[in-house]
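Enquirer: There's a structure below that I have some questions on.
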Protein chains: 2
Amino acid sequence: MSGTLYGLGVGPGDPELLTLKAVRILQESTVIAYPAPEVGDSLARSIAAPHIPRGRIEIIVRTPLIPDTFPAYDVYDRYAEEIAGHLEQGRDVAVLCEGDPFLYGSFMYLFERLSARFEAQVVPGVSSLGACAAAAARPLVSRNQVLSVIPAPLPEEELEARLRAADAAALVKVGRHLPKVRGVLARLGLEAAADYVEHASMADQKVMALSDKDETPAPYFSMILVRAAEGAPS
Amino acid sequence: MSGTLYGLGVGPGDPELLTLKAVRILQESTVIAYPAPEVGDSLARSIAAPHIPRGRIEIIVRTPLIPDTFPAYDVYDRYAEEIAGHLEQGRDVAVLCEGDPFLYGSFMYLFERLSARFEAQVVPGVSSLGACAAAAARPLVSRNQVLSVIPAPLPEEELEARLRAADAAALVKVGRHLPKVRGVLARLGLEAAADYVEHASMADQKVMALSDKDETPAPYFSMILVRAAEGAPS
């Protein structure tokens, strides 16, 4: 019998924000795979580290990360075949995913290559959306407001149009796009209502009003929360 | 010393989707509070039940739930005072929240009444967004797509405008609004690309193509996932 492929959400950074289910599946899986840059450590593995038993087979899914591009698909073909080899041998494979696997996660590239051939299950995780709102001590969205989750790498004109139409917005993947995002928010009169959060739930978490954030570059895992009408019923 | 107020995300329904942190805080808190309708059981409590130790003081935050209205604020004034009494006595109070506390959660009404007077912490939880995407085995949003989370109670014209502009959308709080939502999606040619999920991660979870969902009423905890351009790079 073939093994099961798991997409395991490991949450936003704090190892205590793993779910009981993710911890159990880490205990039960023979093979653990996780994304990493071409050089350097895997954030997903470092989050899950306290819960990974010794002696597991580990697969480091290394993909070239060029800012604002997406990795070439043939990289995933190769890793999918390596994982398929284990599944065929009856081994369960848990793929660690930062946050939630199906919210901007690269797990989908493995899932779409393997889910037709093997039993595949996604274990949802705490997303950085909730973690950033918790860190900023402000509700993300309430009542009948629409929440727009907007990737900051989008072109400036599209950012502006999306923000203009938003009730409440979370700008994700801010990183080096901070000056562009700040400019758009200022033009729309929304900068004063925006909070900046980096590394939510991690030891080096930072939270501040966007207006207090200096011009030093923001990390990739940073977010800006905006509400068009603070506290107003929709 | 005063106690701490916790907003505890208990996740979408499966008790195994609580985080380790939520379980720890349940063990450590003397008082547990949770929302419930005027008559009947609390869903949040039933999710957390396996993790609630015996002998805790429990506060049932009963609010009248009239479809598509929001509870009168003075109800929360009263419960906030009851909770404040415990906090003043040095007791920690954990308020259970379905999904994530700051994503459409009623916890915000207690938070805004108490967080200036007492230490308050929000523990993010797995939201129904990730759970529904996992159940439907489809990514919610990918690459640089914008995700729109749209409450189904909105007027038909606004639903249509929001969906027309969306890359990927999650329609939440579907319930009795199913026929209206279905009509809008059909007009926009999006019905075929939509999945219907109810009670994600729970024992009675149901997942189907929206076109296979019959005309029987949908429960409040149901969601419709839509992607304008399936799998297309943004």
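Letters A, B, ... go to the chains of the structure tokens in the order shown; residues in each chain start at 1; ligands are counted from 1 in the same order.
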Please report as a PyMOL selection string which residues of chain A come no farther than 8 Å from chain B, using only C-alpha atoms.

Expert: chain A and resi 16-21+70+100-105+108+121-127+130-131+133-135+137-151+153-154

Enquirer: Could you pull out the residues in region 7-230 of chain A that DSSP calls alpha helix (DSSP H) from the backbone, as number ranges by chain?

Expert: A: 20-28, 43-48, 73-88, 107-114, 128-136, 156-165, 178-187

Enquirer: Write to file, as a short mmCIF file (atom, residue, chain, number, x, y, z; two decimals), in the first residue's frame, the residues of the selection just made, with C-alpha atoms.

Expert:
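Generated output (again_19.cif):
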data_model
loop_
_atom_site.label_atom_id
_atom_site.label_comp_id
_atom_site.auth_asym_id
_atom_site.auth_seq_id
_atom_site.Cartn_x
_atom_site.Cartn_y
_atom_site.Cartn_z
CA LEU A 20 -2.04 19.05 17.70
CA LYS A 21 -2.75 17.36 14.37
CA ALA A 22 0.45 18.65 12.77
CA VAL A 23 2.46 17.43 15.77
CA ARG A 24 0.84 13.98 15.57
CA ILE A 25 1.51 13.65 11.84
CA LEU A 26 5.14 14.68 12.36
CA GLN A 27 5.43 11.83 14.88
CA GLU A 28 3.88 9.34 12.47
CA LEU A 43 12.19 28.54 7.95
CA ALA A 44 9.45 25.88 7.90
CA ARG A 45 11.84 23.31 9.38
CA SER A 46 13.05 25.70 12.06
CA ILE A 47 9.43 26.33 13.14
CA ALA A 48 8.66 22.62 13.35
CA TYR A 73 8.32 24.29 -12.46
CA ASP A 74 10.83 21.61 -13.43
CA VAL A 75 12.41 21.91 -10.00
CA TYR A 76 9.14 20.60 -8.59
CA ASP A 77 9.00 17.78 -11.14
CA ARG A 78 12.25 16.45 -9.73
CA TYR A 79 11.24 16.74 -6.06
CA ALA A 80 7.81 15.27 -6.79
CA GLU A 81 9.51 12.17 -8.22
CA GLU A 82 11.76 11.84 -5.17
CA ILE A 83 8.71 12.08 -2.89
CA ALA A 84 6.75 9.67 -5.11
CA GLY A 85 9.51 7.10 -4.63
CA HIS A 86 8.93 7.14 -0.88
CA LEU A 87 5.13 7.07 -1.20
CA GLU A 88 5.38 4.04 -3.50
CA PHE A 107 3.01 23.13 -1.47
CA MET A 108 0.46 23.43 -4.26
CA TYR A 109 3.18 22.67 -6.82
CA LEU A 110 3.85 19.29 -5.19
CA PHE A 111 0.16 18.68 -4.53
CA GLU A 112 -0.81 19.16 -8.18
CA ARG A 113 1.91 16.72 -9.27
CA LEU A 114 1.12 13.98 -6.75
CA SER A 128 0.25 34.94 9.17
CA LEU A 129 -2.97 36.96 8.68
CA GLY A 130 -4.31 36.02 12.09
CA ALA A 131 -0.86 36.19 13.66
CA CYS A 132 -0.24 39.73 12.39
CA ALA A 133 -3.65 40.92 13.57
CA ALA A 134 -2.96 39.38 16.98
CA ALA A 135 0.46 41.05 17.11
CA ALA A 136 -1.00 44.42 16.14
CA GLU A 156 1.62 50.30 -8.25
CA GLU A 157 -1.52 51.11 -10.26
CA GLU A 158 -3.10 47.78 -9.35
CA LEU A 159 -2.20 48.21 -5.68
CA GLU A 160 -3.88 51.59 -5.72
CA ALA A 161 -7.04 50.31 -7.37
CA ARG A 162 -7.28 47.35 -4.99
CA LEU A 163 -6.74 49.50 -1.91
CA ARG A 164 -9.21 52.11 -3.09
CA ALA A 165 -11.90 49.41 -3.27
CA LEU A 178 7.71 48.99 1.27
CA PRO A 179 8.45 52.41 -0.33
CA LYS A 180 5.97 51.73 -3.15
CA VAL A 181 3.26 50.58 -0.73
CA ARG A 182 3.87 53.52 1.56
CA GLY A 183 3.52 55.91 -1.34
CA VAL A 184 0.22 54.42 -2.45
CA LEU A 185 -1.20 54.46 1.09
CA ALA A 186 -0.14 58.07 1.57
CA ARG A 187 -1.83 59.11 -1.69
#

Enquirer: Find the spatial neighbours of Arg62 (chain B), counting only C-alpha atoms, within a cut-off of 7 Å - ignore same-chain residues fewer than 4 positions away - and output them as an MDAnalysis selection string.

Expert: chainID B and resid 35:38

Enquirer: Restricting the calculation to only C-alpha atoms: of A:Tyr6, A:Tyr220, A:Phe118, A:Tyr196, which residue gets closest to Ile32 (chain A)?

Expert: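 Between A:Tyr6, A:Tyr220, A:Phe118, A:Tyr196, the residue approaching Ile32 (chain A) most closely is A:Tyr6.
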
Enquirer: Just want the 6 Å neighbourhood of Val93 (chain B), counted on only C-alpha atoms, with same-chain residues fewer than 6 positions away dropped. Output as number ranges by chain.

Expert: B: 5, 29, 31-32

Enquirer: Take the residues just selected and output them with C-alpha atoms as a PDB file, in the first residue's frame.

Expert:
ATOM      1  CA  LEU B   5      -7.473  38.209  29.124  1.00  0.00           C
ATOM      2  CA  SER B  29      -6.725  29.705  32.900  1.00  0.00           C
ATOM      3  CA  VAL B  31     -12.011  31.128  33.906  1.00  0.00           C
ATOM      4  CA  ILE B  32     -13.240  30.016  30.458  1.00  0.00           C
TER       5      ILE B  32
END

Enquirer: State, in Å with one decimal place, the distance from CA of Leu96 (chain B) to CA of Gln205 (chain B).

Expert: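 Interatomic distance here is 21.5 Å.
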
Enquirer: Return as a PDB file with N, CA and C atoms, in the first residue's frame the full set of residues in region 5-36 of chain B whose backbone-based DSSP assignment is strand (DSSP E).

Expert:
ATOM      1  N   LEU B   5      -6.377  38.596  30.017  1.00  0.00           N
ATOM      2  CA  LEU B   5      -7.473  38.209  29.124  1.00  0.00           C
ATOM      3  C   LEU B   5      -6.877  37.589  27.872  1.00  0.00           C
ATOM      4  N   TYR B   6      -7.308  36.376  27.541  1.00  0.00           N
ATOM      5  CA  TYR B   6      -6.855  35.724  26.310  1.00  0.00           C
ATOM      6  C   TYR B   6      -8.019  35.585  25.335  1.00  0.00           C
ATOM      7  N   GLY B   7      -7.804  35.937  24.081  1.00  0.00           N
ATOM      8  CA  GLY B   7      -8.712  35.563  22.999  1.00  0.00           C
ATOM      9  C   GLY B   7      -8.116  34.338  22.342  1.00  0.00           C
ATOM     10  N   LEU B   8      -8.756  33.199  22.540  1.00  0.00           N
ATOM     11  CA  LEU B   8      -8.159  31.919  22.111  1.00  0.00           C
ATOM     12  C   LEU B   8      -8.829  31.405  20.846  1.00  0.00           C
ATOM     13  N   GLY B   9      -8.121  31.424  19.741  1.00  0.00           N
ATOM     14  CA  GLY B   9      -8.645  30.793  18.531  1.00  0.00           C
ATOM     15  C   GLY B   9      -8.658  29.289  18.719  1.00  0.00           C
ATOM     16  N   VAL B  31     -10.672  30.818  34.418  1.00  0.00           N
ATOM     17  CA  VAL B  31     -12.011  31.128  33.906  1.00  0.00           C
ATOM     18  C   VAL B  31     -12.019  30.924  32.388  1.00  0.00           C
ATOM     19  N   ILE B  32     -13.078  30.242  31.904  1.00  0.00           N
ATOM     20  CA  ILE B  32     -13.240  30.016  30.458  1.00  0.00           C
ATOM     21  C   ILE B  32     -14.556  30.655  30.052  1.00  0.00           C
ATOM     22  N   ALA B  33     -14.527  31.519  29.031  1.00  0.00           N
ATOM     23  CA  ALA B  33     -15.758  32.132  28.530  1.00  0.00           C
ATOM     24  C   ALA B  33     -15.914  31.755  27.058  1.00  0.00           C
ATOM     25  N   TYR B  34     -17.152  31.719  26.599  1.00  0.00           N
ATOM     26  CA  TYR B  34     -17.370  31.340  25.194  1.00  0.00           C
ATOM     27  C   TYR B  34     -18.724  31.839  24.720  1.00  0.00           C
ATOM     28  N   PRO B  35     -18.826  32.154  23.441  1.00  0.00           N
ATOM     29  CA  PRO B  35     -20.094  32.636  22.893  1.00  0.00           C
ATOM     30  C   PRO B  35     -21.070  31.482  22.679  1.00  0.00           C
ATOM     31  N   ALA B  36     -22.326  31.805  22.810  1.00  0.00           N
ATOM     32  CA  ALA B  36     -23.391  30.827  22.549  1.00  0.00           C
ATOM     33  C   ALA B  36     -24.638  31.604  22.141  1.00  0.00           C
TER      34      ALA B  36
END

Enquirer: What does the structure give for the distance between CA of Asp212 (chain B) and CA of Val197 (chain B), in Å to one decimal?

Expert: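 About the pair CA of Asp212 (chain B) and CA of Val197 (chain B): they are 11.4 Å apart.
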
Enquirer: Record the distance separating CA of Lys206 (chain A) and CA of Ser222 (chain A), expressed in Å with one decimal.

Expert: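 Going from CA of Lys206 (chain A) over to CA of Ser222 (chain A), I get 9.2 Å.
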